[in-house]
Every structure is written in structure tokens, then in C-alpha cells.
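Student: Here you go, one structure.
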Amino acid sequence: MNKIILLILGTGMLSVTVNAQIISSRVVDKKTNQPIPYATIQIGENQGVVTNEEGSFSITMDDIASKTDSIYISSMGYEKVGVSVKNSMDSIIYIQPKAIELKSVFISNKNLDIDDIIDNVDDKMEDNYRNNLTKSRLFFRETNRNYIQRMDVEFKKSTIEEIDEQLVDSISRVIPKSSVFYAEALCDFYGNTDKQKLNVIKGARLYDKNNNGSIEGVFKKMAKIFKDNVKSNSYLKIRSGLFSQKVQVDSILRSNQDAEDIAEGIENPKENFFFKSRKMNLKNLFNEVFYQSDTKLNVIKNSGRYEFEKVDYTILDDEVVYVIKFTPKRRGDFKGTLYVNTTDFAVIRIDYRNVKRLRSFNLLGVSFQENGYSGTSIFEKGKDGKYGVKFIEKITESKFGVDRPLSIIEKNKYVKGRNKQNQLSLKLDVKSSVKNKYEVIVFDTQNITDAEYNSGLENKNVQSTYLSKYDPEFWNGYNIIEPNTAIKQFKAIEETIEEEQ
């Protein structure tokens, strides 16, 4: 099937081709002309996508099980809009605020005070949200940004001639001061909070290998020096201040290929980092939603730590919704907004941001700060009457620092004379920050039995595709979260140089 994609997303143009069945557009508030993030684009029952933070979306109709002539756009507080797939050629899809029509069920609840509402949310939480075994088809994107504020490595001593102050300085210079890494995966995710399985259908990594090129050269040089000067039956004593640890040299030599694979950004088939990281992050994201027992976002679980205020009513589709602001008391960590269905008291959306540092320690020259934890989670009711995750966006920000001496000493008990063979001493002063963004959209969730879970297979050795720049063709035929402008404009330095030449 021929696929025609008119890439005019930057200007918000809507392009529909009947043969290709691909729709790309932007959802905008009709009154303010501002893009609407996290609007739901529905194609069929429990099938659809969500607009990104810029209000953009893209749908591949070929990936939709139930064929339809229209798509439907809905967002909290807005009128639901239907758009013809075949005939609509509008440049932008406008939606406008919708007045609330009070229904009998809402009228019966309107006199509840805020404590009654929160108590109902808590009491009905176990009934409202599913925690049984399920199978979910989802798309997961991770954005990782690293910044090094300080990289001071002071050379103190080395008994190996090739490892000198000049080499140590060169290592400090080639480490990139900033880098960005994107990872995307279309997956089937099985399980519940207690056990999980993952099958990756397709995956991609988007980053600049040029950042690793010079590091790779230094790594190979250090590996050769290490092999030439250190005995395989030695052990290394790594000491930093009062702490020390022994490491067998032969185990390092055996893992040398693994280290090279990591330096080159290639997953080792035996230890597939791409698979492991997707599974671990998805598990954490689902286990950290507000209704889970061990969540940091304990707004309802520990409601006594928060002040709640019913500030408004809004509407989603035909359901009236409480708009409830929450702010922390002395022990609370977050502020934000809850959107609560007036019919069943289910939280259908939560926006949150931490108001104070969540974790911090500084001990013997090693420091860590968890400074940022914010996001949006949207929940959707399924055919079984239970709510589950429809969309998650979570952003974390942290800082890490090391300011302490480091000594690496080679010792060997099999040689005559002194056990001490070689020594390298450094003084480290490193400060860095990391910002991670996680986005998940769940397209379809089905309840499964224990037997169906047990028969589900994990492809732990699945290989992801490396991309040096954004490729709009890569996800053709699949529905995903539309990439934002930063991803679309990403291009590795090496690619830029080649084009300029």
C-alpha cells in the first residue's frame, strides 16, 4: 500500500490521504488559539492516541482494528468534535469549551464537601482501578538529557608510564558536557504490580554517536595499557577515602567486550540493556501511579498530608468532573490538580509537581539530590468497568556530585616480593545533572488469565534500531505519541557535517 505523508506538522496542517489512511494534525483551543496537550483522539472503542505537549498527533488508520469514517477529539472541559477522515482537509482542528449540563447524579452529589469527596475517592479506589493480570499494547518514549557542570580530574600519581597527567586531562576533555538520548518502543506489556513480562515489537534509539567516538578511542587505549601492564591473576583495590573494594582483574578482562559494547551504544545479546531498561522503567511508571500502595504520589493514600479545595467543575465527554486542587501540609511533597468523576469518584486525571526536594544526601564527598518530580497521568474506563492507565508523562530531575580522592592499586599474591604492583591516584571533582522524561500511551488493555500470562514470551534479545536523526518513516504503519519539535529537529553532529560538505 502506497503511503503518502505530507510533513507539514510544524505549521499544524492536517493531511489526510484515503489510500494511505494517515492523519497528522494539531488540536487548538478555538478561543485562545493555543494548542491543547493530552487531548484524546478516538477512532474506535478503546482505540486512539493522545496529543503531545504541543497539541500534535498522528494516526495510522491501517493499524486500527475497527474501520471508521470519522475520528473524535475530546479534552477536559471541551466539546467533543468529530472529524471526517475522508473529507476533512482543515489546517487545524479547533475545539471549544463546553458548558456543563447538570445531570441528576451530579445534582445529588453537588452538596458533598471536599472531605466527603476525597473519602469517596479513597473508599472506591480498589473497585475503580484494575490490578488483575492484563495485556496492554503500548508505546513508550524516554528522553534523557545529561549536563556536566564540572569535570575536574586532578592527576596525583601513576606507576604506569603510559598513564600520565596528559592522558588523564585528555579523558576529561573528551567526555561530552551535554548529551541527549531518545529511546522509543512499541510493546506488549503483561502482568500487574507483582509480576510483569515484556515483548518489544519494535524499538529505536536516537542519539549522537559522535559524542562517543573520542571516548571510544580513549577506552581502547586504556584497555591496551591495562592488558600490557596488569597481570590477569592480580586483583585491584579501589580506594576512595575510608572505603575500599577488591576486584579480580581476570573478571574485568572477561567483561572487556561488554564494556566496549556499552561504549559503542550496542546492546550485548546476553545482557540486552535496551530490553531491561524498557521493562524496568515501565514497571516503575505503572507502580508509581497514585493508587498504588508504594507510590511517591501518595495524595490519596496519605490524604492527611494535603489540603484539598474544590475549585470548579468541568466536563469530559458527557461526564461531569470535580476539579480539585491539592497543596501540601507540613509532610506533603506535591501540589497539583485532581479531576474526579462525579458519578463513581474515580480520579480520571492528575497533574502534579513536587514542591520540595524529595531526596538528598551528602556523605564523604558524594552527593545526590532528587529535585524534580512532575507529570500528568490520565485514566480510562475499559469494557470491564475498571479504570486503567491511558497516558503517562513523568519528568524527573536530579543532581549528582563526587568530590573525593580515588586510588586504584594492583596487588598480586603470586609474585615474589611486595604484593603491590601498580598504583593510580586521582582527585575527582565532578558535578552533573540529569533530566528524564517518560511518556507512555496505552492503546488497548485486555484482561488475561494466569495461563495466558505464563504462555506470554519475552524477547530479551530484541535489537533496537540506531537513528542518528529523526526519521518520519520509521514508525509508518504504527500509532505512537507524536514526537515534539525537539525530536523532529534532532540530528547528530556527524550527520550535520556530512550535509554541509
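To be explicit about the labels: the chains of the C-alpha cells are called A, B, and onward in the order shown, and within each one the residues are counted from 1, while ligands get numbers from 1 in the order they are shown.
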DSSP on the backbone: what in segment 401-458 of chain A comes out alpha helix (DSSP H), as a list in words?

Tutor: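 Result set for segment 401-458 of chain A (alpha helix (DSSP H)): Asp450, Ala451, Glu452, Tyr453, Asn454 and Ser455 of chain A.
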
Student: For the selection just defined, write its residues with N, CA and C atoms to a file, as a CSV table (one decimal), in the first residue's frame.

Tutor:
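Resulting contents of selection-v1.csv:
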chain,number,residue,atom,x,y,z
A,450,ASP,N,-4.0,-16.5,34.3
A,450,ASP,CA,-2.7,-17.0,34.7
A,450,ASP,C,-2.0,-17.8,33.6
A,451,ALA,N,-2.8,-18.6,32.9
A,451,ALA,CA,-2.3,-19.4,31.8
A,451,ALA,C,-1.8,-18.6,30.7
A,452,GLU,N,-2.6,-17.6,30.3
A,452,GLU,CA,-2.2,-16.7,29.2
A,452,GLU,C,-1.0,-15.9,29.6
A,453,TYR,N,-0.9,-15.5,30.9
A,453,TYR,CA,0.3,-14.7,31.3
A,453,TYR,C,1.5,-15.7,31.2
A,454,ASN,N,1.4,-16.9,31.7
A,454,ASN,CA,2.5,-17.8,31.7
A,454,ASN,C,3.0,-18.2,30.3
A,455,SER,N,2.1,-18.1,29.3
A,455,SER,CA,2.4,-18.5,27.9
A,455,SER,C,3.0,-17.3,27.2

Student: Contacts of Lys80 of chain A at 12 Å or less, counting only C-alpha atoms, minus same-chain residues fewer than 5 places along, as a PyMOL selection string?

Tutor: chain A and resi 27+39-42+71-75+93-99+315-319

Student: Residues as selected, N, CA and C atoms, written as a PDB file, in the first residue's frame, can you do that?

Tutor:
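Saved to part.pdb:
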ATOM      1  N   VAL A  27      -4.398  20.015  17.525  1.00  0.00           N
ATOM      2  CA  VAL A  27      -5.652  20.389  18.169  1.00  0.00           C
ATOM      3  C   VAL A  27      -5.444  21.711  18.901  1.00  0.00           C
ATOM      4  N   ALA A  39      -5.019  15.876  24.582  1.00  0.00           N
ATOM      5  CA  ALA A  39      -6.373  15.631  24.098  1.00  0.00           C
ATOM      6  C   ALA A  39      -6.448  14.209  23.544  1.00  0.00           C
ATOM      7  N   THR A  40      -7.581  13.547  23.731  1.00  0.00           N
ATOM      8  CA  THR A  40      -7.758  12.177  23.265  1.00  0.00           C
ATOM      9  C   THR A  40      -8.305  12.177  21.848  1.00  0.00           C
ATOM     10  N   ILE A  41      -7.652  11.446  20.970  1.00  0.00           N
ATOM     11  CA  ILE A  41      -8.096  11.268  19.587  1.00  0.00           C
ATOM     12  C   ILE A  41      -8.615   9.836  19.484  1.00  0.00           C
ATOM     13  N   GLN A  42      -9.927   9.696  19.405  1.00  0.00           N
ATOM     14  CA  GLN A  42     -10.545   8.379  19.440  1.00  0.00           C
ATOM     15  C   GLN A  42     -10.981   7.956  18.046  1.00  0.00           C
ATOM     16  N   ILE A  71     -12.953  10.519  13.082  1.00  0.00           N
ATOM     17  CA  ILE A  71     -12.211  10.498  14.335  1.00  0.00           C
ATOM     18  C   ILE A  71     -12.881  11.491  15.274  1.00  0.00           C
ATOM     19  N   TYR A  72     -12.702  11.273  16.590  1.00  0.00           N
ATOM     20  CA  TYR A  72     -13.364  12.114  17.583  1.00  0.00           C
ATOM     21  C   TYR A  72     -12.324  12.651  18.558  1.00  0.00           C
ATOM     22  N   ILE A  73     -12.377  13.967  18.761  1.00  0.00           N
ATOM     23  CA  ILE A  73     -11.409  14.651  19.613  1.00  0.00           C
ATOM     24  C   ILE A  73     -12.121  15.122  20.865  1.00  0.00           C
ATOM     25  N   SER A  74     -11.583  14.765  22.028  1.00  0.00           N
ATOM     26  CA  SER A  74     -12.157  15.213  23.294  1.00  0.00           C
ATOM     27  C   SER A  74     -11.041  15.600  24.244  1.00  0.00           C
ATOM     28  N   SER A  75     -11.329  16.575  25.096  1.00  0.00           N
ATOM     29  CA  SER A  75     -10.374  17.011  26.107  1.00  0.00           C
ATOM     30  C   SER A  75     -11.153  17.594  27.272  1.00  0.00           C
ATOM     31  N   ILE A  93      -7.491  21.477  13.754  1.00  0.00           N
ATOM     32  CA  ILE A  93      -8.750  21.040  14.343  1.00  0.00           C
ATOM     33  C   ILE A  93      -9.013  21.913  15.572  1.00  0.00           C
ATOM     34  N   TYR A  94     -10.067  22.709  15.503  1.00  0.00           N
ATOM     35  CA  TYR A  94     -10.426  23.576  16.610  1.00  0.00           C
ATOM     36  C   TYR A  94     -11.473  22.907  17.490  1.00  0.00           C
ATOM     37  N   ILE A  95     -11.303  23.015  18.802  1.00  0.00           N
ATOM     38  CA  ILE A  95     -12.352  22.595  19.723  1.00  0.00           C
ATOM     39  C   ILE A  95     -12.596  23.741  20.695  1.00  0.00           C
ATOM     40  N   GLN A  96     -13.801  23.821  21.221  1.00  0.00           N
ATOM     41  CA  GLN A  96     -14.153  24.951  22.080  1.00  0.00           C
ATOM     42  C   GLN A  96     -14.703  24.468  23.409  1.00  0.00           C
ATOM     43  N   PRO A  97     -14.603  25.306  24.443  1.00  0.00           N
ATOM     44  CA  PRO A  97     -15.117  24.930  25.754  1.00  0.00           C
ATOM     45  C   PRO A  97     -16.599  24.593  25.704  1.00  0.00           C
ATOM     46  N   LYS A  98     -17.009  23.654  26.559  1.00  0.00           N
ATOM     47  CA  LYS A  98     -18.399  23.211  26.587  1.00  0.00           C
ATOM     48  C   LYS A  98     -19.011  23.542  27.946  1.00  0.00           C
ATOM     49  N   ALA A  99     -20.228  24.099  27.910  1.00  0.00           N
ATOM     50  CA  ALA A  99     -20.939  24.408  29.147  1.00  0.00           C
ATOM     51  C   ALA A  99     -21.376  23.116  29.830  1.00  0.00           C
ATOM     52  N   ILE A 315     -16.065  19.156  32.368  1.00  0.00           N
ATOM     53  CA  ILE A 315     -16.755  18.053  31.705  1.00  0.00           C
ATOM     54  C   ILE A 315     -15.798  17.329  30.777  1.00  0.00           C
ATOM     55  N   LEU A 316     -15.936  16.040  30.711  1.00  0.00           N
ATOM     56  CA  LEU A 316     -15.202  15.214  29.753  1.00  0.00           C
ATOM     57  C   LEU A 316     -16.205  14.310  29.077  1.00  0.00           C
ATOM     58  N   ASP A 317     -16.360  14.484  27.763  1.00  0.00           N
ATOM     59  CA  ASP A 317     -17.430  13.822  27.024  1.00  0.00           C
ATOM     60  C   ASP A 317     -18.756  14.204  27.689  1.00  0.00           C
ATOM     61  N   ASP A 318     -19.490  13.257  28.233  1.00  0.00           N
ATOM     62  CA  ASP A 318     -20.766  13.566  28.870  1.00  0.00           C
ATOM     63  C   ASP A 318     -20.709  13.460  30.390  1.00  0.00           C
ATOM     64  N   GLU A 319     -19.523  13.340  30.931  1.00  0.00           N
ATOM     65  CA  GLU A 319     -19.375  13.157  32.373  1.00  0.00           C
ATOM     66  C   GLU A 319     -18.985  14.473  33.044  1.00  0.00           C
TER      67      GLU A 319
END

Student: Set the distance at 8 Å and use only C-alpha atoms: which residues neighbour segment 335-340 of chain A once local chain neighbours fewer than 3 positions away are removed? I'd like the list as a list in words.

Tutor: Val121, Val321, Tyr322, Val323, Ile324, Lys325, Phe326, Thr327, Pro328, Phe345, Ala346, Val347, Ile348, Arg349, Ile350, Asp351, Tyr352, Arg353, Asn354 and Val355 of chain A

Student: Please dump the current selection as a PDB file, in the first residue's frame; keep N, CA and C atoms.

Tutor:
ATOM      1  N   VAL A 121     -13.323   8.949  47.042  1.00  0.00           N
ATOM      2  CA  VAL A 121     -12.246   8.557  46.125  1.00  0.00           C
ATOM      3  C   VAL A 121     -11.420   7.432  46.739  1.00  0.00           C
ATOM      4  N   VAL A 321     -17.238  16.509  36.038  1.00  0.00           N
ATOM      5  CA  VAL A 321     -15.998  16.201  36.761  1.00  0.00           C
ATOM      6  C   VAL A 321     -15.717  17.285  37.793  1.00  0.00           C
ATOM      7  N   TYR A 322     -15.355  16.871  39.017  1.00  0.00           N
ATOM      8  CA  TYR A 322     -14.847  17.811  40.014  1.00  0.00           C
ATOM      9  C   TYR A 322     -13.421  18.211  39.648  1.00  0.00           C
ATOM     10  N   VAL A 323     -13.113  19.491  39.791  1.00  0.00           N
ATOM     11  CA  VAL A 323     -11.738  19.977  39.670  1.00  0.00           C
ATOM     12  C   VAL A 323     -11.262  20.310  41.079  1.00  0.00           C
ATOM     13  N   ILE A 324     -10.282  19.561  41.565  1.00  0.00           N
ATOM     14  CA  ILE A 324      -9.845  19.669  42.955  1.00  0.00           C
ATOM     15  C   ILE A 324      -8.354  19.985  42.996  1.00  0.00           C
ATOM     16  N   LYS A 325      -8.008  21.122  43.591  1.00  0.00           N
ATOM     17  CA  LYS A 325      -6.604  21.489  43.796  1.00  0.00           C
ATOM     18  C   LYS A 325      -6.105  20.869  45.099  1.00  0.00           C
ATOM     19  N   PHE A 326      -4.859  20.418  45.100  1.00  0.00           N
ATOM     20  CA  PHE A 326      -4.261  19.927  46.342  1.00  0.00           C
ATOM     21  C   PHE A 326      -2.919  20.606  46.572  1.00  0.00           C
ATOM     22  N   THR A 327      -2.657  20.940  47.813  1.00  0.00           N
ATOM     23  CA  THR A 327      -1.396  21.552  48.225  1.00  0.00           C
ATOM     24  C   THR A 327      -0.922  20.835  49.480  1.00  0.00           C
ATOM     25  N   PRO A 328       0.381  20.819  49.735  1.00  0.00           N
ATOM     26  CA  PRO A 328       0.892  20.033  50.862  1.00  0.00           C
ATOM     27  C   PRO A 328       0.721  20.736  52.196  1.00  0.00           C
ATOM     28  N   PHE A 345     -16.594   8.621  41.432  1.00  0.00           N
ATOM     29  CA  PHE A 345     -15.499   9.148  42.257  1.00  0.00           C
ATOM     30  C   PHE A 345     -14.139   8.578  41.857  1.00  0.00           C
ATOM     31  N   ALA A 346     -13.979   8.289  40.597  1.00  0.00           N
ATOM     32  CA  ALA A 346     -12.672   7.864  40.085  1.00  0.00           C
ATOM     33  C   ALA A 346     -11.871   9.088  39.665  1.00  0.00           C
ATOM     34  N   VAL A 347     -10.604   9.109  40.034  1.00  0.00           N
ATOM     35  CA  VAL A 347      -9.692  10.143  39.517  1.00  0.00           C
ATOM     36  C   VAL A 347      -9.374   9.766  38.076  1.00  0.00           C
ATOM     37  N   ILE A 348      -9.778  10.608  37.128  1.00  0.00           N
ATOM     38  CA  ILE A 348      -9.557  10.300  35.717  1.00  0.00           C
ATOM     39  C   ILE A 348      -8.338  11.047  35.157  1.00  0.00           C
ATOM     40  N   ARG A 349      -7.825  11.996  35.951  1.00  0.00           N
ATOM     41  CA  ARG A 349      -6.592  12.681  35.554  1.00  0.00           C
ATOM     42  C   ARG A 349      -5.982  13.314  36.788  1.00  0.00           C
ATOM     43  N   ILE A 350      -4.659  13.319  36.829  1.00  0.00           N
ATOM     44  CA  ILE A 350      -3.941  14.003  37.891  1.00  0.00           C
ATOM     45  C   ILE A 350      -2.739  14.723  37.292  1.00  0.00           C
ATOM     46  N   ASP A 351      -2.611  16.008  37.608  1.00  0.00           N
ATOM     47  CA  ASP A 351      -1.438  16.812  37.257  1.00  0.00           C
ATOM     48  C   ASP A 351      -0.710  17.117  38.561  1.00  0.00           C
ATOM     49  N   TYR A 352       0.599  16.956  38.598  1.00  0.00           N
ATOM     50  CA  TYR A 352       1.315  17.106  39.861  1.00  0.00           C
ATOM     51  C   TYR A 352       2.718  17.649  39.632  1.00  0.00           C
ATOM     52  N   ARG A 353       3.251  18.247  40.699  1.00  0.00           N
ATOM     53  CA  ARG A 353       4.635  18.752  40.710  1.00  0.00           C
ATOM     54  C   ARG A 353       5.103  18.800  42.160  1.00  0.00           C
ATOM     55  N   ASN A 354       6.329  18.349  42.389  1.00  0.00           N
ATOM     56  CA  ASN A 354       6.846  18.403  43.754  1.00  0.00           C
ATOM     57  C   ASN A 354       7.117  19.851  44.161  1.00  0.00           C
ATOM     58  N   VAL A 355       6.987  20.127  45.448  1.00  0.00           N
ATOM     59  CA  VAL A 355       7.194  21.485  45.956  1.00  0.00           C
ATOM     60  C   VAL A 355       8.458  21.588  46.795  1.00  0.00           C
TER      61      VAL A 355
END

Student: So how many Å separate atom CA of Lys209 of chain A and atom CA of Lys394 of chain A, to one decimal?

Tutor: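 Distance reported for this atom pair: 26.2 Å.
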
Student: Show me, as an NGL selection string, the residues that have an atom within 8 Å of Ser464 of chain A when counting only C-alpha atoms, minus same-chain residues fewer than 4 positions from it.

Tutor: :A and (202-205 or 274)

Student: Just to be explicit: take each residue in the selection above, keep all heavy atoms, and write the result as a compact mmCIF listing (two decimals), in the first residue's frame.

Tutor:
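This is the output file result_8.txt:
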# COMPACT_ATOMS: atom_id res chain seq x y z
N LYS A 202 8.92 -3.32 18.29
CA LYS A 202 9.86 -2.53 17.50
C LYS A 202 10.44 -1.45 18.40
O LYS A 202 9.74 -0.91 19.26
CB LYS A 202 9.16 -1.89 16.30
CG LYS A 202 10.09 -1.22 15.30
CD LYS A 202 9.31 -0.71 14.08
CE LYS A 202 10.27 -0.13 13.04
NZ LYS A 202 9.54 0.38 11.84
N GLY A 203 11.73 -1.15 18.23
CA GLY A 203 12.36 -0.15 19.08
C GLY A 203 13.41 0.65 18.35
O GLY A 203 13.98 0.21 17.35
N ALA A 204 13.67 1.85 18.84
CA ALA A 204 14.67 2.74 18.22
C ALA A 204 15.38 3.53 19.30
O ALA A 204 14.83 3.82 20.36
CB ALA A 204 14.00 3.68 17.23
N ARG A 205 16.66 3.85 19.02
CA ARG A 205 17.45 4.74 19.86
C ARG A 205 17.94 5.89 18.98
O ARG A 205 18.49 5.67 17.90
CB ARG A 205 18.66 4.01 20.46
CG ARG A 205 18.30 2.90 21.42
CD ARG A 205 19.49 1.98 21.65
NE ARG A 205 19.88 1.29 20.43
CZ ARG A 205 21.11 1.24 19.96
NH1 ARG A 205 22.08 1.85 20.61
NH2 ARG A 205 21.38 0.59 18.86
N PHE A 274 18.73 -2.46 26.34
CA PHE A 274 17.52 -1.80 25.83
C PHE A 274 16.28 -2.48 26.39
O PHE A 274 15.36 -1.82 26.88
CB PHE A 274 17.50 -1.83 24.29
CG PHE A 274 16.33 -1.13 23.68
CD1 PHE A 274 16.34 0.24 23.51
CD2 PHE A 274 15.21 -1.84 23.27
CE1 PHE A 274 15.26 0.90 22.94
CE2 PHE A 274 14.12 -1.20 22.71
CZ PHE A 274 14.15 0.18 22.54

Student: Between A:Leu285, A:Leu236, A:Ala486, A:Leu457, single out the one closest to Glu410 of chain A, counting only C-alpha atoms.

Tutor: A:Leu236

Student: Just the number, please: distance in Å from atom CA of Gln423 of chain A to atom CA of Ile408 of chain A, one decimal.

Tutor: 5.7 Å

Student: Choose the residue, out of A:Asp69, A:Asp208, A:Glu397, A:Asp123, that has the smallest atom-to-atom separation from Leu467 of chain A; count only C-alpha atoms.

Tutor: A:Asp208

Student: Identify, on the basis of only C-alpha atoms, every residue whose closest approach to Ser136 of chain A does not exceed 9 Å; exclude the query and any residue fewer than 4 positions from it along the same chain; express the result as a list in words.

Tutor: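 Once the adjacent positions are removed, what remains is Cys187, Asp188, Phe189, Tyr190, Gly191, Val442, Phe443, Asp444, Thr445, Gln446 and Asn447 of chain A.
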
Student: Could you write out that same residue set with N, CA, C and O atoms as a CSV table (one decimal), in the first residue's frame?

Tutor:
chain,number,residue,atom,x,y,z
A,187,CYS,N,5.3,-2.0,22.4
A,187,CYS,CA,5.4,-3.2,23.2
A,187,CYS,C,4.1,-3.8,23.5
A,187,CYS,O,3.1,-3.1,23.5
A,188,ASP,N,4.1,-5.0,23.9
A,188,ASP,CA,3.1,-5.7,24.6
A,188,ASP,C,3.6,-5.9,26.1
A,188,ASP,O,4.6,-6.6,26.3
A,189,PHE,N,2.8,-5.4,27.0
A,189,PHE,CA,3.3,-5.4,28.4
A,189,PHE,C,2.2,-6.3,29.2
A,189,PHE,O,1.0,-6.0,29.2
A,190,TYR,N,2.7,-7.4,29.8
A,190,TYR,CA,1.8,-8.3,30.5
A,190,TYR,C,2.0,-8.2,32.0
A,190,TYR,O,3.2,-7.9,32.5
A,191,GLY,N,0.9,-8.4,32.8
A,191,GLY,CA,1.1,-8.6,34.2
A,191,GLY,C,0.3,-7.7,35.1
A,191,GLY,O,-0.7,-7.1,34.6
A,442,VAL,N,-1.2,3.9,26.3
A,442,VAL,CA,-1.8,2.6,26.2
A,442,VAL,C,-2.9,2.5,25.2
A,442,VAL,O,-3.9,3.2,25.3
A,443,PHE,N,-2.7,1.7,24.1
A,443,PHE,CA,-3.7,1.7,23.1
A,443,PHE,C,-4.9,0.7,23.4
A,443,PHE,O,-6.0,1.0,23.1
A,444,ASP,N,-4.6,-0.4,24.0
A,444,ASP,CA,-5.6,-1.4,24.3
A,444,ASP,C,-5.1,-2.3,25.5
A,444,ASP,O,-4.0,-2.6,25.6
A,445,THR,N,-6.1,-2.6,26.4
A,445,THR,CA,-5.8,-3.4,27.5
A,445,THR,C,-6.8,-4.5,27.6
A,445,THR,O,-8.0,-4.3,27.5
A,446,GLN,N,-6.3,-5.8,27.7
A,446,GLN,CA,-7.2,-6.9,27.9
A,446,GLN,C,-6.9,-7.7,29.1
A,446,GLN,O,-5.7,-7.9,29.5
A,447,ASN,N,-7.9,-8.1,29.8
A,447,ASN,CA,-7.7,-9.0,31.0
A,447,ASN,C,-7.3,-10.4,30.5
A,447,ASN,O,-7.8,-10.9,29.5

Student: Excluding Thr60 of chain A and its own-chain neighbours fewer than 4 positions away, which residues fall within 7 Å of it when counting only C-alpha atoms? Please give them as a list of chain:residue names.

Tutor: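 So, after excluding close chain neighbours, the residues are A:Gln21, A:Ile22, A:Ile23, A:Gly477, A:Tyr478, A:Asn479.
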
Student: So which one's closest to Phe139 of chain A, A:Asn210, A:Asn111, A:Thr193, A:Asn199? Using only C-alpha atoms, please.

Tutor: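 Answer, going by the shortest atom-to-atom distance: A:Asn199.
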